[in-house]
$ cat final19.tsv   # TSV, C-alpha atoms
chain	number	residue	atom	x	y	z
A	1262	ARG	CA	13.19	-8.82	5.49
A	1263	LEU	CA	13.82	-5.19	6.37
A	1264	CYS	CA	11.52	-4.76	9.37
A	1265	PRO	CA	9.96	-8.15	10.23
A	1266	PRO	CA	7.69	-7.05	13.11
A	1267	GLY	CA	7.29	-3.58	11.57
A	1268	THR	CA	8.06	-1.56	14.69
A	1269	GLU	CA	11.85	-1.64	14.80
A	1270	ASP	CA	13.93	1.50	14.95
A	1271	GLU	CA	16.72	-0.09	12.90
A	1272	PRO	CA	16.27	-2.28	9.82
A	1273	ASN	CA	17.62	-5.78	9.41
A	1274	GLU	CA	21.09	-5.37	7.86
A	1275	SER	CA	20.97	-8.68	5.97
A	1276	GLY	CA	17.65	-7.58	4.45
A	1277	LEU	CA	19.17	-4.29	3.33
A	1278	LYS	CA	22.08	-6.13	1.75
A	1279	PHE	CA	19.78	-8.59	-0.02
A	1280	TYR	CA	17.70	-5.87	-1.68
A	1281	GLU	CA	20.67	-3.68	-2.48
A	1282	ASP	CA	22.26	-6.65	-4.28
A	1283	VAL	CA	19.03	-7.35	-6.21
A	1284	LEU	CA	18.56	-3.72	-7.22
A	1285	THR	CA	22.23	-3.29	-8.15
A	1286	TYR	CA	22.03	-6.39	-10.33
A	1287	LEU	CA	18.86	-5.15	-12.05
A	1288	ASN	CA	20.48	-1.80	-12.79
A	1289	LYS	CA	23.61	-3.50	-14.08
A	1290	LYS	CA	21.46	-5.50	-16.52
A	1291	GLY	CA	19.62	-2.37	-17.69
A	1292	ILE	CA	16.36	-3.26	-15.91
A	1293	GLU	CA	14.53	-0.29	-14.39
A	1294	PRO	CA	13.12	-1.45	-11.05
A	1295	LEU	CA	9.68	-0.45	-9.81
A	1296	VAL	CA	9.57	-1.04	-6.06
A	1297	THR	CA	6.33	-1.61	-4.17
A	1298	LEU	CA	6.59	-0.77	-0.47
A	1299	HIS	CA	3.42	-2.56	0.68
A	1300	HIS	CA	2.47	-5.60	-1.39
A	1301	TYR	CA	0.20	-7.78	0.75
A	1302	GLU	CA	2.91	-8.41	3.33
A	1303	GLN	CA	2.05	-6.29	6.33
A	1304	PRO	CA	3.83	-7.77	9.34
A	1305	VAL	CA	1.47	-10.02	11.29
A	1306	TYR	CA	2.72	-8.31	14.45
A	1307	LEU	CA	1.08	-5.06	13.32
A	1308	ALA	CA	-2.22	-6.83	12.69
A	1309	ASP	CA	-2.07	-8.65	16.03
A	1310	HIS	CA	-0.94	-5.76	18.20
A	1311	PHE	CA	-2.19	-2.64	16.38
A	1312	ASP	CA	-5.27	-3.85	14.43
A	1313	GLY	CA	-3.37	-3.33	11.18
A	1314	TRP	CA	-4.07	-0.18	9.20
A	1315	TYR	CA	-7.04	0.68	11.41
A	1316	ASN	CA	-4.59	2.09	13.95
A	1317	ARG	CA	-3.09	5.51	13.21
A	1318	LYS	CA	0.26	4.41	14.66
A	1319	VAL	CA	0.85	2.11	11.67
A	1320	ILE	CA	1.19	5.22	9.49
A	1321	ASP	CA	4.31	6.21	11.42
A	1322	PHE	CA	5.78	2.70	11.15
A	1323	PHE	CA	5.17	2.71	7.39
A	1324	VAL	CA	6.71	6.14	6.88
A	1325	ARG	CA	9.81	5.11	8.85
A	1326	TYR	CA	10.04	1.95	6.72
A	1327	ALA	CA	9.60	3.97	3.51
A	1328	LYS	CA	12.31	6.44	4.54
A	1329	THR	CA	14.62	3.51	5.26
A	1330	CYS	CA	14.01	2.20	1.74
A	1331	PHE	CA	14.57	5.62	0.19
A	1332	ALA	CA	17.78	6.18	2.17
A	1333	HIS	CA	19.26	2.81	1.25
A	1334	PHE	CA	17.88	2.24	-2.25
A	1335	GLY	CA	16.98	5.69	-3.54
A	1336	HIS	CA	20.16	5.84	-5.63
A	1337	LEU	CA	19.07	2.61	-7.35
A	1338	VAL	CA	15.31	3.21	-7.80
A	1339	ARG	CA	13.38	6.05	-9.45
A	1340	TYR	CA	9.89	4.53	-9.51
A	1341	TRP	CA	7.99	3.50	-6.41
A	1342	LEU	CA	4.53	2.30	-5.47
A	1343	SER	CA	3.39	2.93	-1.94
A	1344	PHE	CA	0.58	0.33	-1.99
A	1345	ASN	CA	-0.27	-2.60	-4.21
A	1346	GLU	CA	-3.97	-2.83	-5.07
A	1347	ILE	CA	-5.02	-0.21	-2.54
A	1348	ASP	CA	-8.55	-0.54	-3.93
A	1349	SER	CA	-8.85	-4.23	-2.96
A	1350	VAL	CA	-9.50	-3.43	0.67
A	1351	PHE	CA	-13.11	-4.68	0.67
A	1352	ARG	CA	-12.24	-7.80	-1.33
A	1353	HIS	CA	-9.11	-8.76	0.63
A	1354	PRO	CA	-9.21	-7.02	4.02
A	1355	TRP	CA	-6.70	-9.34	5.68
A	1356	THR	CA	-3.93	-8.96	3.12
A	1357	THR	CA	-4.66	-5.31	2.29
A	1358	ILE	CA	-5.15	-3.78	5.75
A	1359	GLY	CA	-4.53	-6.55	8.31
A	1360	TYR	CA	-8.21	-6.73	9.28
A	1361	LEU	CA	-8.96	-9.84	11.35
A	1362	SER	CA	-12.71	-10.22	10.88
A	1363	ALA	CA	-13.09	-12.68	13.75
A	1364	ARG	CA	-12.11	-9.95	16.22
A	1365	TYR	CA	-14.86	-7.50	15.34
A	1366	PRO	CA	-18.61	-7.49	14.85
A	1367	ALA	CA	-19.68	-7.54	11.20
A	1368	GLU	CA	-21.39	-4.15	11.52
A	1369	LYS	CA	-18.02	-2.55	12.36
A	1370	ARG	CA	-16.31	-3.84	9.19
A	1371	GLU	CA	-17.21	-0.95	6.88
A	1372	GLU	CA	-16.02	1.67	9.39
A	1373	MET	CA	-12.75	-0.19	9.93
A	1374	VAL	CA	-12.15	-0.59	6.22
A	1375	TYR	CA	-12.71	3.10	5.45
A	1376	GLN	CA	-10.59	4.22	8.42
A	1377	SER	CA	-7.84	1.83	7.35
A	1378	VAL	CA	-7.79	3.00	3.75
A	1379	HIS	CA	-7.80	6.60	5.00
A	1380	ASN	CA	-4.71	5.76	7.03
A	1381	GLN	CA	-3.12	4.23	3.95
A	1382	PHE	CA	-3.86	7.40	1.96
A	1383	VAL	CA	-2.18	9.49	4.68
A	1384	ALA	CA	0.79	7.10	4.80
A	1385	SER	CA	1.12	7.23	1.01
A	1386	ALA	CA	1.06	11.02	1.00
A	1387	LEU	CA	3.67	11.27	3.76
A	1388	ALA	CA	5.89	8.66	2.10
A	1389	THR	CA	5.61	10.48	-1.24
A	1390	LYS	CA	6.58	13.75	0.43
A	1391	ALA	CA	9.59	12.05	2.03
A	1392	LEU	CA	10.57	10.47	-1.31
A	1393	HIS	CA	10.55	13.84	-3.06
A	1394	GLU	CA	12.67	15.35	-0.28
A	1395	MET	CA	15.14	12.45	-0.13
A	1396	CYS	CA	15.31	11.44	-3.81
A	1397	PRO	CA	14.66	14.40	-6.12
A	1398	GLY	CA	13.20	13.29	-9.42
A	1399	ALA	CA	11.84	10.00	-8.08
A	1400	GLN	CA	8.15	9.23	-8.58
A	1401	MET	CA	5.54	7.42	-6.49
A	1402	GLY	CA	1.96	6.30	-6.87
A	1403	CYS	CA	-0.44	3.55	-5.80
A	1404	MET	CA	-1.42	0.56	-7.91
A	1405	LEU	CA	-5.09	-0.09	-8.62
A	1406	THR	CA	-6.63	-3.40	-9.64
A	1407	LYS	CA	-9.75	-2.20	-11.34
A	1408	THR	CA	-10.08	-0.69	-14.76
A	1409	THR	CA	-12.73	1.43	-16.39
A	1410	TYR	CA	-16.22	-0.08	-16.46
A	1411	TYR	CA	-18.30	0.14	-19.62
A	1412	PRO	CA	-22.05	-0.31	-19.78
A	1413	LEU	CA	-23.40	-3.52	-21.24
A	1414	ASP	CA	-25.55	-1.53	-23.66
A	1415	CYS	CA	-27.24	1.86	-23.95
A	1416	ASP	CA	-29.95	1.02	-21.43
A	1417	PRO	CA	-29.93	3.95	-18.94
A	1418	ARG	CA	-29.84	1.53	-15.99
A	1419	ASN	CA	-26.65	-0.04	-17.32
A	1420	GLN	CA	-25.21	3.42	-18.01
A	1421	LEU	CA	-25.86	4.43	-14.39
A	1422	LYS	CA	-24.44	1.16	-13.09
A	1423	ALA	CA	-21.20	1.69	-15.03
A	1424	GLN	CA	-20.97	5.30	-13.80
A	1425	ALA	CA	-21.42	4.16	-10.19
A	1426	ARG	CA	-18.68	1.53	-10.50
A	1427	ASN	CA	-16.33	4.06	-12.08
A	1428	ARG	CA	-17.03	6.49	-9.23
A	1429	ASP	CA	-16.07	3.75	-6.78
A	1430	ASN	CA	-12.74	3.42	-8.61
A	1431	MET	CA	-12.17	7.17	-8.46
A	1432	PHE	CA	-12.32	7.06	-4.66
A	1433	TYR	CA	-8.88	5.44	-4.65
A	1434	ILE	CA	-7.11	7.74	-7.11
A	1435	ALA	CA	-7.55	11.09	-5.38
$ encode --input "final19.tsv" --output "structure tokens"
Amino acid sequence: RLCPPGTEDEPNESGLKFYEDVLTYLNKKGIEPLVTLHHYEQPVYLADHFDGWYNRKVIDFFVRYAKTCFAHFGHLVRYWLSFNEIDSVFRHPWTTIGYLSARYPAEKREEMVYQSVHNQFVASALATKALHEMCPGAQMGCMLTKTTYYPLDCDPRNQLKAQARNRDNMFYIA
């Protein structure tokens, strides 16, 4: 609603009004909003024309979008998430990073996924920096889908397997 193709210099005014009304209503009712900036809705235009999060340019589009949200809604929102389920990139590459698997050879997938999530980390850091500058006291993080893994039993192989899966989780929380 705010930036349908994702590349605009100016946001959609009716989208701004819609979300301002929603957030104002929530505040009026005593509900503390938690706003997610990227929740599986990357504009298809960015996937089609920029290869989604694989392209470094998408970082700049996201930061501009985030700053627009902070400027218009920062007085109504204290808690923000930059990315929903940032760790689901291998499970859901289309919705998480805009990766169109039919365009690329299978052997390129891992490189594209890691480059894309790197770009999301950079975008999250830059958006968080902008949030702190624009909305003192506001907080931001990313949302993860996985929880702590526990070994099935005390068998050392299961212990190592659980440790390895937990290390994979830790990649996304740095």
$ closest_residue --input "final19.tsv" --among "A:Arg1418, A:Arg1426, A:Arg1262, A:Lys1328" --to "Lys1390 in chain A" --atoms "all atoms listed in the file"
A:Lys1328
$ residues_around --input "final19.tsv" --residues "Leu1387 in chain A" --least-positions-apart "6" --cutoff "10 Å" --atoms "all atoms listed in the file" --output "list in words"
Ile1320, Asp1321, Phe1323, Val1324, Ala1327, Lys1328 and Gln1381 of chain A
$ residues_around --input "final19.tsv" --residues "Phe1432 in chain A" --least-positions-apart "2" --cutoff "12 Å" --atoms "all atoms listed in the file" --output "list in words"
Ile1347, Asp1348, Ser1349, Tyr1375, Val1378, His1379, Phe1382, Leu1405, Lys1407, Ala1425, Arg1426, Asn1427, Arg1428, Asp1429, Asn1430, Ile1434 and Ala1435 of chain A
$ write_last_selection --input "final19.tsv" --atoms "C-alpha atoms" --output "PDB file, in the frame of the given file"
ATOM      1  CA  ILE A1347      -5.020  -0.210  -2.540  1.00  0.00           C
ATOM      2  CA  ASP A1348      -8.550  -0.540  -3.930  1.00  0.00           C
ATOM      3  CA  SER A1349      -8.850  -4.230  -2.960  1.00  0.00           C
ATOM      4  CA  TYR A1375     -12.710   3.100   5.450  1.00  0.00           C
ATOM      5  CA  VAL A1378      -7.790   3.000   3.750  1.00  0.00           C
ATOM      6  CA  HIS A1379      -7.800   6.600   5.000  1.00  0.00           C
ATOM      7  CA  PHE A1382      -3.860   7.400   1.960  1.00  0.00           C
ATOM      8  CA  LEU A1405      -5.090  -0.090  -8.620  1.00  0.00           C
ATOM      9  CA  LYS A1407      -9.750  -2.200 -11.340  1.00  0.00           C
ATOM     10  CA  ALA A1425     -21.420   4.160 -10.190  1.00  0.00           C
ATOM     11  CA  ARG A1426     -18.680   1.530 -10.500  1.00  0.00           C
ATOM     12  CA  ASN A1427     -16.330   4.060 -12.080  1.00  0.00           C
ATOM     13  CA  ARG A1428     -17.030   6.490  -9.230  1.00  0.00           C
ATOM     14  CA  ASP A1429     -16.070   3.750  -6.780  1.00  0.00           C
ATOM     15  CA  ASN A1430     -12.740   3.420  -8.610  1.00  0.00           C
ATOM     16  CA  ILE A1434      -7.110   7.740  -7.110  1.00  0.00           C
ATOM     17  CA  ALA A1435      -7.550  11.090  -5.380  1.00  0.00           C
TER      18      ALA A1435
END
$ atom_distance --input "final19.tsv" --atom1 "CA of Thr1389 in chain A" --atom2 "CA of Met1401 in chain A"
6.1 Å
$ residues_around --input "final19.tsv" --residues "Tyr1326 in chain A" --least-positions-apart "6" --cutoff "9 Å" --atoms "all atoms listed in the file" --output "ChimeraX atom specification"
/A:1263-1264,1267-1268,1272,1298
$ atom_distance --input "final19.tsv" --atom1 "CA of Ile1292 in chain A" --atom2 "CA of Phe1331 in chain A"
18.5 Å
$ closest_residue --input "final19.tsv" --among "A:Thr1329, A:Leu1295, A:Arg1364, A:Phe1334" --to "Gly1402 in chain A" --atoms "all atoms listed in the file"
A:Leu1295
$ atom_distance --input "final19.tsv" --atom1 "CA of Glu1371 in chain A" --atom2 "CA of Phe1351 in chain A"
8.3 Å
$ closest_residue --input "final19.tsv" --among "A:Val1319, A:Asp1312, A:Pro1366, A:His1333" --to "Gly1276 in chain A" --atoms "all atoms listed in the file"
A:His1333
$ closest_residue --input "final19.tsv" --among "A:Tyr1360, A:Tyr1365, A:Phe1344, A:Trp1355" --to "Ala1386 in chain A" --atoms "all atoms listed in the file"
A:Phe1344
$ closest_residue --input "final19.tsv" --among "A:Leu1337, A:Ala1308, A:Cys1396, A:Leu1361" --to "Gly1291 in chain A" --atoms "all atoms listed in the file"
A:Leu1337
$ closest_residue --input "final19.tsv" --among "A:Gly1359, A:Cys1330, A:Gly1313, A:Met1431" --to "Asn1273 in chain A" --atoms "all atoms listed in the file"
A:Cys1330
$ residues_around --input "final19.tsv" --residues "Tyr1411 in chain A" --least-positions-apart "3" --cutoff "10 Å" --atoms "only C-alpha atoms" --output "ChimeraX atom specification"
/A:1408,1414,1419-1420,1422-1424,1426-1427
$ write_last_selection --input "final19.tsv" --atoms "C-alpha atoms" --output "PDB file, in the frame of the given file"
ATOM      1  CA  THR A1408     -10.080  -0.690 -14.760  1.00  0.00           C
ATOM      2  CA  ASP A1414     -25.550  -1.530 -23.660  1.00  0.00           C
ATOM      3  CA  ASN A1419     -26.650  -0.040 -17.320  1.00  0.00           C
ATOM      4  CA  GLN A1420     -25.210   3.420 -18.010  1.00  0.00           C
ATOM      5  CA  LYS A1422     -24.440   1.160 -13.090  1.00  0.00           C
ATOM      6  CA  ALA A1423     -21.200   1.690 -15.030  1.00  0.00           C
ATOM      7  CA  GLN A1424     -20.970   5.300 -13.800  1.00  0.00           C
ATOM      8  CA  ARG A1426     -18.680   1.530 -10.500  1.00  0.00           C
ATOM      9  CA  ASN A1427     -16.330   4.060 -12.080  1.00  0.00           C
TER      10      ASN A1427
END
